[in-house]
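Single-structure report; data block below.
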2 protein chains.
Amino acid sequence: MTEDTADGGQCPTPERFTQARAAQSMAVLEDYAEMIDDLAQELGEARITDIAARMGVTHPTATKAVARLKREGLAVSRPYRGVFLTEQGAALAARVRMRHRVVVDLLVAVGVPQETAEIDAEGLEHHVSDVTLKAFETFLARR
Amino acid sequence: MTEDTADGGQCPTPERFTQARAAQSMAVLEDYAEMIDDLAQELGEARITDIAARMGVTHPTATKAVARLKREGLAVSRPYRGVFLTEQGAALAARVRMRHRVVVDLLVAVGVPQETAEIDAEGLEHHVSDVTLKAFETFLARR
DNA sequence: ACAGAAATGTAGCCAAGGCTATAAATCAAG
DNA sequence: CTTGATTTATAGCCTTGGCTACATTTCTGT
């Protein structure tokens, strides 16, 4: 028995919300890391302007996000130059991209239209735990 | 062809992020509305202290959230008294609860352990569009 | 009825993630 | 090489959602 509230999971515990909030605080970092990785592959480097345009924000917002990435050791950059991911940042981007792909595939597999799957996955992916991701992969492999 | 970027959906559009951010701004409202509804059913009314405890936050944080609910016309309350959902708030709570249940069921159906499904659903549910929700229901009905 | 406990309100701080406006640096032509 | 366009930085503001600390109100038990 993993339930100690004896309600079959109907009463959300505070921890669930705490966990969801923690996941959310990672979401922006993940999105930017992936985007920087995308741009690096496509254009050789990620410029603030391009990052901002693709994220749908203004450039000061992108600058702030990059500042946070740098603080967290996920990216490096010099003034008026492009942004580059650290090894750690690149690893995060790789994990995020993989997870995104699995989530989209799972959604499509259960009948969600491709375009809707892509849109929803952008929000969903940050809340998919490792256990759930594994389950998705297993499900996809079995059909 | 719904794709105008000709990359098969590999390049996220700014709109996707904008949409994900919009969904996120509704998340707190949804969680609190559902929680207030839970407490109203269980205890007859939702007190700030109980809301805070269940959401895993301090009471001033809960007070602020309730203030926002009131501003949005989803709840009403008088000083030092319980919080009650408006008709609109109750409708939101009902939708949220239904969506939560479907998401959990879908996760379990594809092989996610019940407890993990409950935890992940808390974050996931806010990003499930109507189209995706419909697809989930259809998938669940077919098996 | 009143004192202490519990609940609620309020003020003020912080970080994050938006924004606009303005300044400074870089780049690209002519 | 200089000028104008583009890019980047910076300052400052807003909202949200956390928090602590403190004031006030309500509730409870003797």
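Chain labels follow the order of the structure tokens: the first chain is A, the next B, and so on; residue numbering restarts at 1 in every chain, and ligands are counted from 1 in their shown order.
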*Could you please select, counting only C-alpha atoms, the residues of chain A within 7 Å of chain B and state them as number ranges by chain?*
A: 13-18, 20, 54-56, 110-112, 119-120, 122-124, 127-129, 132, 135-136, 139
_Among region 30-127 of chain B, which residues does DSSP mark as strand (DSSP E) when it is run on the backbone? Keep the chain and numbering as in the structure and answer as an MDAnalysis selection string._
chainID B and resid 75:77 83:85
Those residues with N, CA, C and O atoms, as a PDB file, in the first residue's frame please?
```pdb
ATOM      1  N   ALA B  75     -14.606  33.293  -7.204  1.00  0.00           N
ATOM      2  CA  ALA B  75     -14.875  32.998  -5.791  1.00  0.00           C
ATOM      3  C   ALA B  75     -15.342  34.258  -5.078  1.00  0.00           C
ATOM      4  O   ALA B  75     -15.155  35.379  -5.570  1.00  0.00           O
ATOM      5  N   VAL B  76     -15.949  34.045  -3.932  1.00  0.00           N
ATOM      6  CA  VAL B  76     -16.355  35.155  -3.069  1.00  0.00           C
ATOM      7  C   VAL B  76     -15.974  34.811  -1.641  1.00  0.00           C
ATOM      8  O   VAL B  76     -15.880  33.635  -1.281  1.00  0.00           O
ATOM      9  N   SER B  77     -15.755  35.839  -0.829  1.00  0.00           N
ATOM     10  CA  SER B  77     -15.466  35.595   0.585  1.00  0.00           C
ATOM     11  C   SER B  77     -15.573  36.903   1.346  1.00  0.00           C
ATOM     12  O   SER B  77     -15.439  37.984   0.775  1.00  0.00           O
ATOM     13  N   VAL B  83     -14.151  30.665   2.099  1.00  0.00           N
ATOM     14  CA  VAL B  83     -14.155  31.053   0.694  1.00  0.00           C
ATOM     15  C   VAL B  83     -15.147  30.164  -0.051  1.00  0.00           C
ATOM     16  O   VAL B  83     -15.205  28.945   0.181  1.00  0.00           O
ATOM     17  N   PHE B  84     -15.928  30.759  -0.926  1.00  0.00           N
ATOM     18  CA  PHE B  84     -16.901  29.985  -1.690  1.00  0.00           C
ATOM     19  C   PHE B  84     -16.777  30.273  -3.175  1.00  0.00           C
ATOM     20  O   PHE B  84     -16.529  31.413  -3.580  1.00  0.00           O
ATOM     21  N   LEU B  85     -16.942  29.246  -3.973  1.00  0.00           N
ATOM     22  CA  LEU B  85     -16.857  29.423  -5.420  1.00  0.00           C
ATOM     23  C   LEU B  85     -18.140  30.030  -5.952  1.00  0.00           C
ATOM     24  O   LEU B  85     -19.228  29.750  -5.456  1.00  0.00           O
TER      25      LEU B  85
END
```
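In this structure, the chain C residues at most 8 Å away from chain A are DG17, DG18, DC19, DA25 and DT26 of chain C, with only C-alpha atoms (C1' of nucleotides) considered.
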*Find the residues near DT24 (chain D): any atom within 10 Å, counting only C-alpha atoms (C1' of nucleotides), skip ones fewer than 6 places away on the same chain, and give them as a PyMOL selection string.*
chain C and resi 8-10
Include all heavy atoms and write out the residues we just selected as a JSON list (two decimals), in the first residue's frame.
```json
[["chain", "number", "residue", "atom", "x", "y", "z"],
["C", 8, "DT", "P", -8.94, 30.65, 8.54],
["C", 8, "DT", "OP1", -10.28, 30.43, 7.94],
["C", 8, "DT", "OP2", -7.77, 29.86, 8.10],
["C", 8, "DT", "O5'", -8.59, 32.19, 8.41],
["C", 8, "DT", "C5'", -9.55, 33.16, 8.84],
["C", 8, "DT", "C4'", -8.96, 34.54, 8.75],
["C", 8, "DT", "O4'", -7.84, 34.65, 9.65],
["C", 8, "DT", "C3'", -8.41, 34.89, 7.37],
["C", 8, "DT", "O3'", -9.24, 35.90, 6.83],
["C", 8, "DT", "C2'", -6.98, 35.38, 7.61],
["C", 8, "DT", "C1'", -6.96, 35.62, 9.11],
["C", 8, "DT", "N1", -5.65, 35.41, 9.77],
["C", 8, "DT", "C2", -5.05, 36.48, 10.40],
["C", 8, "DT", "O2", -5.55, 37.59, 10.44],
["C", 8, "DT", "N3", -3.85, 36.19, 10.99],
["C", 8, "DT", "C4", -3.19, 34.96, 11.01],
["C", 8, "DT", "O4", -2.12, 34.84, 11.59],
["C", 8, "DT", "C5", -3.87, 33.90, 10.33],
["C", 8, "DT", "C7", -3.26, 32.54, 10.28],
["C", 8, "DT", "C6", -5.05, 34.17, 9.75],
["C", 9, "DG", "P", -8.84, 36.58, 5.43],
["C", 9, "DG", "OP1", -10.10, 37.07, 4.83],
["C", 9, "DG", "OP2", -7.94, 35.70, 4.65],
["C", 9, "DG", "O5'", -8.01, 37.86, 5.91],
["C", 9, "DG", "C5'", -8.60, 38.75, 6.85],
["C", 9, "DG", "C4'", -7.67, 39.92, 7.13],
["C", 9, "DG", "O4'", -6.55, 39.45, 7.92],
["C", 9, "DG", "C3'", -7.08, 40.55, 5.88],
["C", 9, "DG", "O3'", -7.16, 41.97, 6.02],
["C", 9, "DG", "C2'", -5.62, 40.08, 5.88],
["C", 9, "DG", "C1'", -5.34, 39.91, 7.36],
["C", 9, "DG", "N9", -4.33, 38.90, 7.67],
["C", 9, "DG", "C8", -4.38, 37.56, 7.36],
["C", 9, "DG", "N7", -3.33, 36.90, 7.78],
["C", 9, "DG", "C5", -2.55, 37.86, 8.40],
["C", 9, "DG", "C6", -1.29, 37.74, 9.04],
["C", 9, "DG", "O6", -0.60, 36.73, 9.19],
["C", 9, "DG", "N1", -0.83, 38.97, 9.53],
["C", 9, "DG", "C2", -1.52, 40.15, 9.41],
["C", 9, "DG", "N2", -0.93, 41.22, 9.93],
["C", 9, "DG", "N3", -2.70, 40.28, 8.83],
["C", 9, "DG", "C4", -3.15, 39.10, 8.34],
["C", 10, "DT", "P", -6.82, 42.94, 4.82],
["C", 10, "DT", "OP1", -7.66, 44.14, 4.97],
["C", 10, "DT", "OP2", -6.85, 42.16, 3.57],
["C", 10, "DT", "O5'", -5.31, 43.35, 5.11],
["C", 10, "DT", "C5'", -4.98, 43.80, 6.43],
["C", 10, "DT", "C4'", -3.50, 44.19, 6.48],
["C", 10, "DT", "O4'", -2.68, 43.03, 6.83],
["C", 10, "DT", "C3'", -2.93, 44.72, 5.16],
["C", 10, "DT", "O3'", -2.08, 45.79, 5.49],
["C", 10, "DT", "C2'", -2.14, 43.53, 4.62],
["C", 10, "DT", "C1'", -1.60, 42.96, 5.92],
["C", 10, "DT", "N1", -1.18, 41.54, 5.90],
["C", 10, "DT", "C2", -0.02, 41.19, 6.55],
["C", 10, "DT", "O2", 0.67, 42.00, 7.15],
["C", 10, "DT", "N3", 0.30, 39.86, 6.50],
["C", 10, "DT", "C4", -0.42, 38.87, 5.86],
["C", 10, "DT", "O4", -0.03, 37.70, 5.89],
["C", 10, "DT", "C5", -1.61, 39.29, 5.19],
["C", 10, "DT", "C7", -2.46, 38.30, 4.46],
["C", 10, "DT", "C6", -1.93, 40.60, 5.24]]
```
Would you mind listing, for every residue of chain D within 9 Å of chain A, the two atoms forming the shortest contact and the distance between them in Å to one decimal, using only C-alpha atoms (C1' of nucleotides), sorted by chain and ascending residue number, as CSV?
```
residue,atom,partner,partner_atom,distance
D:DT7,C1',A:Thr49,CA,7.3
D:DT8,C1',A:Tyr80,CA,5.4
D:DA9,C1',A:Pro79,CA,8.0
D:DT10,C1',A:Pro60,CA,8.9
```
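With CA of Glu45 (chain A) on one side and CA of Met26 (chain A) on the other, the separation reads 23.0 Å.
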*List the neighbours of DA3 (chain C) out to 12 Å using only C-alpha atoms (C1' of nucleotides); skip same-chain residues closer than 3 positions along the sequence, and give me the result as a VMD selection string.*
chain D and resid 27 to 30
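Straight-line separation from C1' of DT20 (chain D) to CA of Glu72 (chain A): 26.4 Å.
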*Please report, as a ChimeraX atom specification, each residue of region 26-82 of chain A to which DSSP assigns helix (DSSP H, G or I) when run on this structure's backbone.*
/A:26-43,48-55,59-71
*Please indicate the distance in Å from C1' of DT22 (chain C) to C1' of DT6 (chain D), rounded to one decimal place.*
15.4 Å
